[in-house]
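Working notes for the structure below.
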Amino acid sequence: MSDLIFNQEQCQVATFRDVTELQKLAKIEADNKLLHMLTSSVTHEMVTPLKCMVSFSETVLKELENSPKKHEAELILVTSKLMLSQVKLLLDKNMLEHDLFLPNLEVASFNKSVADAISILRG
């Protein structure tokens, strides 16, 4: 409320503002923050068991080298690796969206990388 002089009389002026859009924006921001926290915690908690599944599957696969069950162990290994990859991608996407990635500022040698790649290809 503020005072205003109109036709030599003091009047009071009330101003009203529609805050509906601000409330919607605040709700969207809160929902996004909650979704970010949920996604981060769920994906983070899924990584460790999936890593264990991959490791265990690799061990079982070595033991079943000449067994008819080898195919099932391979399927478990491939599926576990795929799930782990998807969970890591989701976690990375979530971190990118919220500017949580820290740059990796290590020095790399292009010549060494090419030489390593050539030696791997040659076997």
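In the structure tokens, chains take letters A, B, ... by order of appearance, with residues numbered from 1 within each chain and ligands from 1 in the order shown.
Around Leu91 in chain A, within 9 Å and counting only C-alpha atoms, the residues found are Thr39, Ser40, Thr43, His44, Gln86, Val87, Met95 and Leu96 of chain A, once anything fewer than 4 positions away on its own chain is removed.
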Residue set, chain A restricted to alpha helix (DSSP H), as a ChimeraX atom specification: /A:20-63,70-97,110-122
Filtered DSSP result for chain A, state strand (DSSP E or B), as a PyMOL selection string: chain A and resi 2-6+9-13
Writer output for current selection, N, CA and C atoms, as a compact mmCIF listing (two decimals), in the first residue's frame:
# COMPACT_ATOMS: atom_id res chain seq x y z
N SER A 2 0.48 2.20 -0.78
CA SER A 2 1.22 3.46 -0.79
C SER A 2 0.22 4.61 -0.91
N ASP A 3 0.67 5.81 -0.47
CA ASP A 3 -0.20 6.99 -0.51
C ASP A 3 -0.02 7.70 -1.84
N LEU A 4 -1.15 8.29 -2.30
CA LEU A 4 -1.14 9.01 -3.56
C LEU A 4 -2.08 10.20 -3.43
N ILE A 5 -1.70 11.34 -4.00
CA ILE A 5 -2.56 12.53 -3.99
C ILE A 5 -3.27 12.56 -5.34
N PHE A 6 -4.61 12.57 -5.31
CA PHE A 6 -5.41 12.62 -6.53
C PHE A 6 -6.55 13.61 -6.29
N GLU A 9 -6.83 15.14 -2.94
CA GLU A 9 -7.21 14.25 -1.84
C GLU A 9 -6.18 13.12 -1.75
N GLN A 10 -5.92 12.74 -0.54
CA GLN A 10 -4.98 11.64 -0.33
C GLN A 10 -5.72 10.32 -0.54
N CYS A 11 -5.16 9.51 -1.38
CA CYS A 11 -5.75 8.19 -1.69
C CYS A 11 -4.72 7.12 -1.39
N GLN A 12 -5.18 5.95 -1.16
CA GLN A 12 -4.28 4.82 -0.98
C GLN A 12 -4.37 3.94 -2.22
N VAL A 13 -3.21 3.48 -2.67
CA VAL A 13 -3.14 2.64 -3.86
C VAL A 13 -2.64 1.26 -3.44
A:Gln23, A:Thr15, A:Thr48, A:Asn7 ranked by distance to Lys88 in chain A, top pick (using only C-alpha atoms): A:Thr48
Using only C-alpha atoms: which of A:His36, A:Val78, A:Asn111, A:Gly123 has the shortest distance to Asp92 in chain A: A:His36
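With CA of Met83 in chain A on one side and CA of Ser57 in chain A on the other, the separation reads 13.4 Å.
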